[in-house]
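Working notes, structure below.
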Amino acid sequence: MSKYKIKQLSIFINNEPGRLAQIAAALKECNINMKAFNIAESSGFGVFRAIVEEPDRAFAELSKKGIVVKETDVIAIPMIDRPGGLLEVAKTIGNANINIEYGYAYSNKGVAAFFFRVDDTDAAIERLLSSGTKVLTEKDI
Amino acid sequence: MNYWNEKIETMPLTEIKAIQLKHLKKLVSEMYGSSKFYHDRMRSANIKPDDIRTLDDISKLPYMKKTDLRDNYPDKLFVRPQSDILRYHVSSGTTGKPTVVGYTKNDIENWSESLARAFTSSGITNKDVMQISMGYGLFTGGLGKHYGAEKIGATVLPAGTGNTARQIEMMRDLPVTCIACTPSYMFHIADTCDRMNIDIRKDTKLRVGILGAEPWSENMRKKLQERTGIMAQNCYGTSELSGPMFTECTEQKGIHVWSDLCLMEILDKNGEQCADGERGEMVITMLQKEAFPLIRYRIGDISSLEWEKCACGRTHPRLQRLSGRTDDMLIVRGINVFPSQIEDVIGEMDFLTPFYHITVDAVNYMDSITIEVEITDRALTDDMVKLEKMKRELDRRLKDVLNIKADVKLALPGSMPRTEGKAKHVTDLRTYE
């Protein structure tokens, strides 16, 4: 089951001008390539969430630089890169009775994926698989 | 010039001092006999009631402090039985525990008398309508001024706090001539009047403001008077004294402290009496309070007293603008806030580290308080719902403890400065200019 969990880095940054550039510089210095990311804001600080290549190495190197980073598991489902692609995925997740906490997507030359975070990742993966849904592994992305 | 109690208010100083000595002797012997707390204090200082022969002998008496009030929560400093007590008021204390004050019938009477003299000295009479835009209830501001205004026969509009637009409509329609509120709220009223297209000078009959419960400056007075056309009077008092007690007269040269009720000392760092007009720590003895007497209470405010007879004819000394505190107490929107209260709440929350910072600021003279506090690495999550829940829990608890709403910001683990020694927890950006 654990191969279906995609490791996401959650990098916490203070809500001040220039902070994103600081994080981006750190990502560059550590030679970390990103596949997808999003930025959200909470009270007092923001969260930069990213799906990266070699997440464990990235986590270790960013932590070493004093950056506040956490690893979080998300789930990835492939989407078809055409109108209606999201609808199919959304229906699948809805039918499996899964509540999404947050999510974001990437698309690249006809291939697209939806990354999302749920409360109980294991249960959600199991439900998706048992309903015949294709769930991506780290190797697939 | 109108007086409420001309005989007392214009009494020669020597006679005032004779009254003070008479009351002080009586107070000290009563406390020695009926207050275990003060009896023990006097015993440890090796003082007996008979040692008080002149007014200067007051310096032999032990002090009372805010921590004594906390340590004797709720009513161990009261020297009258509950059956003699007509009312309680409660204000926030230093750490968690509030300060409870109690009043006998005479205490309420003297409090009202003090304000009746004060209001009259500000030119307020029974021809005035006074809107009391201060908290009623546990806070002393609302009810205290209410009784004072009723005593002189003024018509009282017990407006309380909040809903400024409605307050302004009532002020215009009744029409109100005097308002009692905090200086910052008076600025807020002026701002709101602008938005409502109401000209205080033309559309209302407002002419006097009794403004207190928070420190303010001569500069603020000048601005308020120019802007609104009212006479803006400074007011002083705290719940330990009874509540708001004293105001300026129309001369606006300091707050007359009625010395038959209150013996105010101004002391330097060595505990010696300051010269007239010299700034120092205010130490207060309430000469006629019955339920909860105060002897040499270190109230924490810093100011000076002018003893020269006032042009209004009153002989009682005039307290000048407050210029600071001897402790770390903050006054935010008229409410006492101690950093230790905030620290206690932070300590209760297992998702927070002990590192925090408080910033107090004023925009358009309205105070705001921001508390930045670090979340623990363990509790840090990218789940915004959980973060929001933690913040709400903190918000709610702070509101309960402080009685005002603070702006809470969660900070990342390790982001608050670590200092060696005593951390500087508070930045006060208010200038009162």
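Identifiers in this document derive from the order of the structure tokens: chains are assigned A, B, ..., residues are numbered from 1 separately in each chain, and ligands are numbered from 1 in order of occurrence.
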Per residue of chain A within 7 Å of chain B, what are the shortest atom pair and its distance in Å to one decimal, counting only C-alpha atoms, with rows by chain and residue number, as JSON lines?
```
{"residue": "A:Ser10", "atom": "CA", "partner": "B:Asp382", "partner_atom": "CA", "distance": 6.4}
{"residue": "A:Ser42", "atom": "CA", "partner": "B:Met384", "partner_atom": "CA", "distance": 6.5}
{"residue": "A:Ser43", "atom": "CA", "partner": "B:Lys409", "partner_atom": "CA", "distance": 5.8}
{"residue": "A:Gly44", "atom": "CA", "partner": "B:Lys409", "partner_atom": "CA", "distance": 4.9}
{"residue": "A:Phe45", "atom": "CA", "partner": "B:Ala411", "partner_atom": "CA", "distance": 6.7}
{"residue": "A:Val47", "atom": "CA", "partner": "B:Asp382", "partner_atom": "CA", "distance": 6.6}
```
Grab the residues selected above and save them as a PDB file, in the first residue's frame with N, CA and C atoms.
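Full text of result04.pdb as output:
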```
ATOM      1  N   SER A  10       6.216  19.828   2.646  1.00  0.00           N
ATOM      2  CA  SER A  10       5.509  21.054   3.056  1.00  0.00           C
ATOM      3  C   SER A  10       6.547  21.969   3.667  1.00  0.00           C
ATOM      4  N   SER A  42      -1.703  30.688   5.751  1.00  0.00           N
ATOM      5  CA  SER A  42      -2.504  30.530   6.964  1.00  0.00           C
ATOM      6  C   SER A  42      -2.244  31.758   7.820  1.00  0.00           C
ATOM      7  N   SER A  43      -2.707  31.743   9.063  1.00  0.00           N
ATOM      8  CA  SER A  43      -2.511  32.912   9.929  1.00  0.00           C
ATOM      9  C   SER A  43      -1.045  33.005  10.335  1.00  0.00           C
ATOM     10  N   GLY A  44      -0.362  33.981   9.834  1.00  0.00           N
ATOM     11  CA  GLY A  44       1.012  34.199  10.278  1.00  0.00           C
ATOM     12  C   GLY A  44       2.073  33.640   9.353  1.00  0.00           C
ATOM     13  N   PHE A  45       1.810  32.499   8.719  1.00  0.00           N
ATOM     14  CA  PHE A  45       2.820  31.969   7.794  1.00  0.00           C
ATOM     15  C   PHE A  45       2.163  31.228   6.636  1.00  0.00           C
ATOM     16  N   VAL A  47       2.416  28.067   3.498  1.00  0.00           N
ATOM     17  CA  VAL A  47       2.935  26.725   3.253  1.00  0.00           C
ATOM     18  C   VAL A  47       3.187  26.564   1.756  1.00  0.00           C
TER      19      VAL A  47
END
```
- Message: Among stretch 12-134 of chain A, which ones does DSSP assign to strand (DSSP E or B) (computed from the backbone)? Answer as a ChimeraX atom specification.
- Response: /A:12-14,34-41,45-52,69-80,100-108,111-118
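Taking only C-alpha atoms, the non-local environment of A:Ala96 within 12 Å (same-chain residues fewer than 3 positions away omitted) comprises Val89, Ala90, Lys91, Thr92, Ile93, Asn99, Ile100, Ala123, Ala124, Ile125, Glu126, Arg127, Leu128, Leu129, Ser130, Ser131, Gly132 and Thr133 of chain A.
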- Near B:Lys105, counting only C-alpha atoms, which residues have an atom at most 9 Å away, once you skip same-chain residues fewer than 2 positions from it, shown as a PyMOL selection string? chain B and resi 84-87+103+107-110
Please dump the current selection as a compact mmCIF listing (two decimals), in the first residue's frame; keep N, CA and C atoms.
```
# COMPACT_ATOMS: atom_id res chain seq x y z
N ASP B 84 -22.44 43.78 55.05
CA ASP B 84 -22.22 45.23 54.92
C ASP B 84 -21.86 45.64 53.51
N ILE B 85 -21.60 44.64 52.65
CA ILE B 85 -21.10 44.97 51.31
C ILE B 85 -22.24 45.03 50.31
N LEU B 86 -22.30 46.17 49.62
CA LEU B 86 -23.41 46.41 48.69
C LEU B 86 -23.09 45.94 47.28
N ARG B 87 -21.81 45.91 46.96
CA ARG B 87 -21.48 45.62 45.56
C ARG B 87 -20.05 45.10 45.43
N TYR B 103 -17.65 47.20 48.20
CA TYR B 103 -18.07 48.54 48.63
C TYR B 103 -19.17 48.45 49.68
N ASP B 107 -18.95 53.57 51.09
CA ASP B 107 -17.96 53.55 50.01
C ASP B 107 -18.57 54.02 48.69
N ILE B 108 -19.78 53.52 48.42
CA ILE B 108 -20.48 53.94 47.20
C ILE B 108 -20.78 55.44 47.29
N GLU B 109 -21.17 55.87 48.49
CA GLU B 109 -21.51 57.27 48.70
C GLU B 109 -20.28 58.17 48.48
N ASN B 110 -19.13 57.77 49.02
CA ASN B 110 -17.91 58.59 48.86
C ASN B 110 -17.41 58.60 47.42
```
- For B:Ser133, please output as a PyMOL selection string all residues within 8 Å (counting only C-alpha atoms; exclusion window: fewer than 6 positions along the same chain). chain B and resi 142+158-161+179-181
- Message: With only C-alpha atoms as the counted atoms, please give the residues lying no more than 9 Å from A:Ile75, apart from itself and same-chain residues fewer than 4 positions off, as a list in words.
- Response: Tyr4, Lys5, Ile6, Lys7, Phe114, Phe115, Phe116, Arg117, Val118, Thr121, Ala124, Ile125, Val135, Leu136 and Thr137 of chain A
Residues within 10 Å of stretch 403-405 of chain B, please, as an mmCIF file with N, CA and C atoms, in the first residue's frame. Count only C-alpha atoms; anything in the same chain fewer than 6 positions from it doesn't count.
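Writing done, so here's part-v7.cif:
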```cif
data_model
loop_
_atom_site.group_PDB
_atom_site.id
_atom_site.type_symbol
_atom_site.label_atom_id
_atom_site.label_comp_id
_atom_site.auth_asym_id
_atom_site.auth_seq_id
_atom_site.Cartn_x
_atom_site.Cartn_y
_atom_site.Cartn_z
ATOM 1 N N SER B 91 -11.703 43.327 38.400
ATOM 2 C CA SER B 91 -10.856 43.710 37.270
ATOM 3 C C SER B 91 -9.746 42.689 37.120
ATOM 4 N N SER B 92 -9.056 42.750 35.978
ATOM 5 C CA SER B 92 -8.054 41.731 35.722
ATOM 6 C C SER B 92 -6.843 41.949 36.622
ATOM 7 N N VAL B 332 -4.710 48.593 27.395
ATOM 8 C CA VAL B 332 -5.118 48.467 26.003
ATOM 9 C C VAL B 332 -6.627 48.661 25.925
ATOM 10 N N ARG B 333 -7.047 49.650 25.203
ATOM 11 C CA ARG B 333 -8.460 50.021 25.103
ATOM 12 C C ARG B 333 -9.101 50.095 26.490
ATOM 13 N N GLY B 334 -8.338 50.682 27.423
ATOM 14 C CA GLY B 334 -8.880 50.896 28.759
ATOM 15 C C GLY B 334 -8.822 49.688 29.668
ATOM 16 N N ILE B 335 -8.322 48.575 29.174
ATOM 17 C CA ILE B 335 -8.280 47.341 29.966
ATOM 18 C C ILE B 335 -6.829 47.071 30.376
ATOM 19 N N ASN B 336 -6.646 46.687 31.648
ATOM 20 C CA ASN B 336 -5.304 46.338 32.108
ATOM 21 C C ASN B 336 -4.891 44.985 31.556
ATOM 22 N N VAL B 337 -3.733 44.954 30.934
ATOM 23 C CA VAL B 337 -3.223 43.687 30.398
ATOM 24 C C VAL B 337 -1.825 43.468 30.949
ATOM 25 N N SER B 368 -4.486 48.455 19.393
ATOM 26 C CA SER B 368 -4.563 47.069 18.948
ATOM 27 C C SER B 368 -3.441 46.307 19.628
ATOM 28 N N ILE B 369 -3.693 45.037 19.894
ATOM 29 C CA ILE B 369 -2.654 44.209 20.512
ATOM 30 C C ILE B 369 -2.471 42.956 19.666
ATOM 31 N N THR B 370 -1.231 42.729 19.263
ATOM 32 C CA THR B 370 -0.917 41.565 18.445
ATOM 33 C C THR B 370 0.013 40.650 19.235
ATOM 34 N N ASP B 395 -7.221 32.105 20.521
ATOM 35 C CA ASP B 395 -8.033 33.332 20.476
ATOM 36 C C ASP B 395 -9.054 33.369 21.607
ATOM 37 N N ARG B 396 -9.781 32.257 21.706
ATOM 38 C CA ARG B 396 -10.886 32.182 22.661
ATOM 39 C C ARG B 396 -10.376 32.309 24.093
ATOM 40 N N ARG B 397 -9.302 31.576 24.377
ATOM 41 C CA ARG B 397 -8.767 31.565 25.735
ATOM 42 C C ARG B 397 -8.214 32.947 26.119
#
```
- Message: For the helix (DSSP H, G or I) assignment from backbone DSSP, which residues of stretch 210-385 of chain B qualify? Please present them as a ChimeraX atom specification.
- Response: /B:218-228,339-348,384-385
Output the selection as a short mmCIF file (atom, residue, chain, number, x, y, z; two decimals), in the first residue's frame - C-alpha atoms for each residue.
```cif
data_model
loop_
_atom_site.label_atom_id
_atom_site.label_comp_id
_atom_site.auth_asym_id
_atom_site.auth_seq_id
_atom_site.Cartn_x
_atom_site.Cartn_y
_atom_site.Cartn_z
CA GLU B 218 -1.81 67.01 26.13
CA ASN B 219 -1.30 66.71 22.41
CA MET B 220 -4.22 64.30 22.08
CA ARG B 221 -6.35 66.69 24.12
CA LYS B 222 -5.46 69.57 21.83
CA LYS B 223 -6.33 67.53 18.74
CA LEU B 224 -9.61 66.28 20.22
CA GLN B 225 -10.70 69.74 21.32
CA GLU B 226 -9.83 71.28 17.96
CA ARG B 227 -11.55 68.54 16.09
CA THR B 228 -14.75 68.23 18.09
CA PRO B 339 2.17 40.10 29.82
CA SER B 340 2.17 37.41 32.53
CA GLN B 341 -1.52 36.70 31.78
CA ILE B 342 -0.64 36.07 28.16
CA GLU B 343 2.31 33.95 29.17
CA ASP B 344 0.03 31.83 31.35
CA VAL B 345 -2.36 31.15 28.47
CA ILE B 346 0.53 30.25 26.19
CA GLY B 347 1.76 27.84 28.86
CA GLU B 348 -1.63 26.11 28.88
CA MET B 384 -4.81 24.51 7.54
CA VAL B 385 -7.97 23.35 9.28
#
```
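Between atom CA of B:Tyr88 and atom CA of B:Trp111 lies a distance of 13.6 Å.
Of the residues under consideration (A:Asp73, A:Ala58, A:Asn15, A:Arg82), A:Asn15 shows the shortest atom-to-atom contact distance to A:Ala40 when counting only C-alpha atoms.
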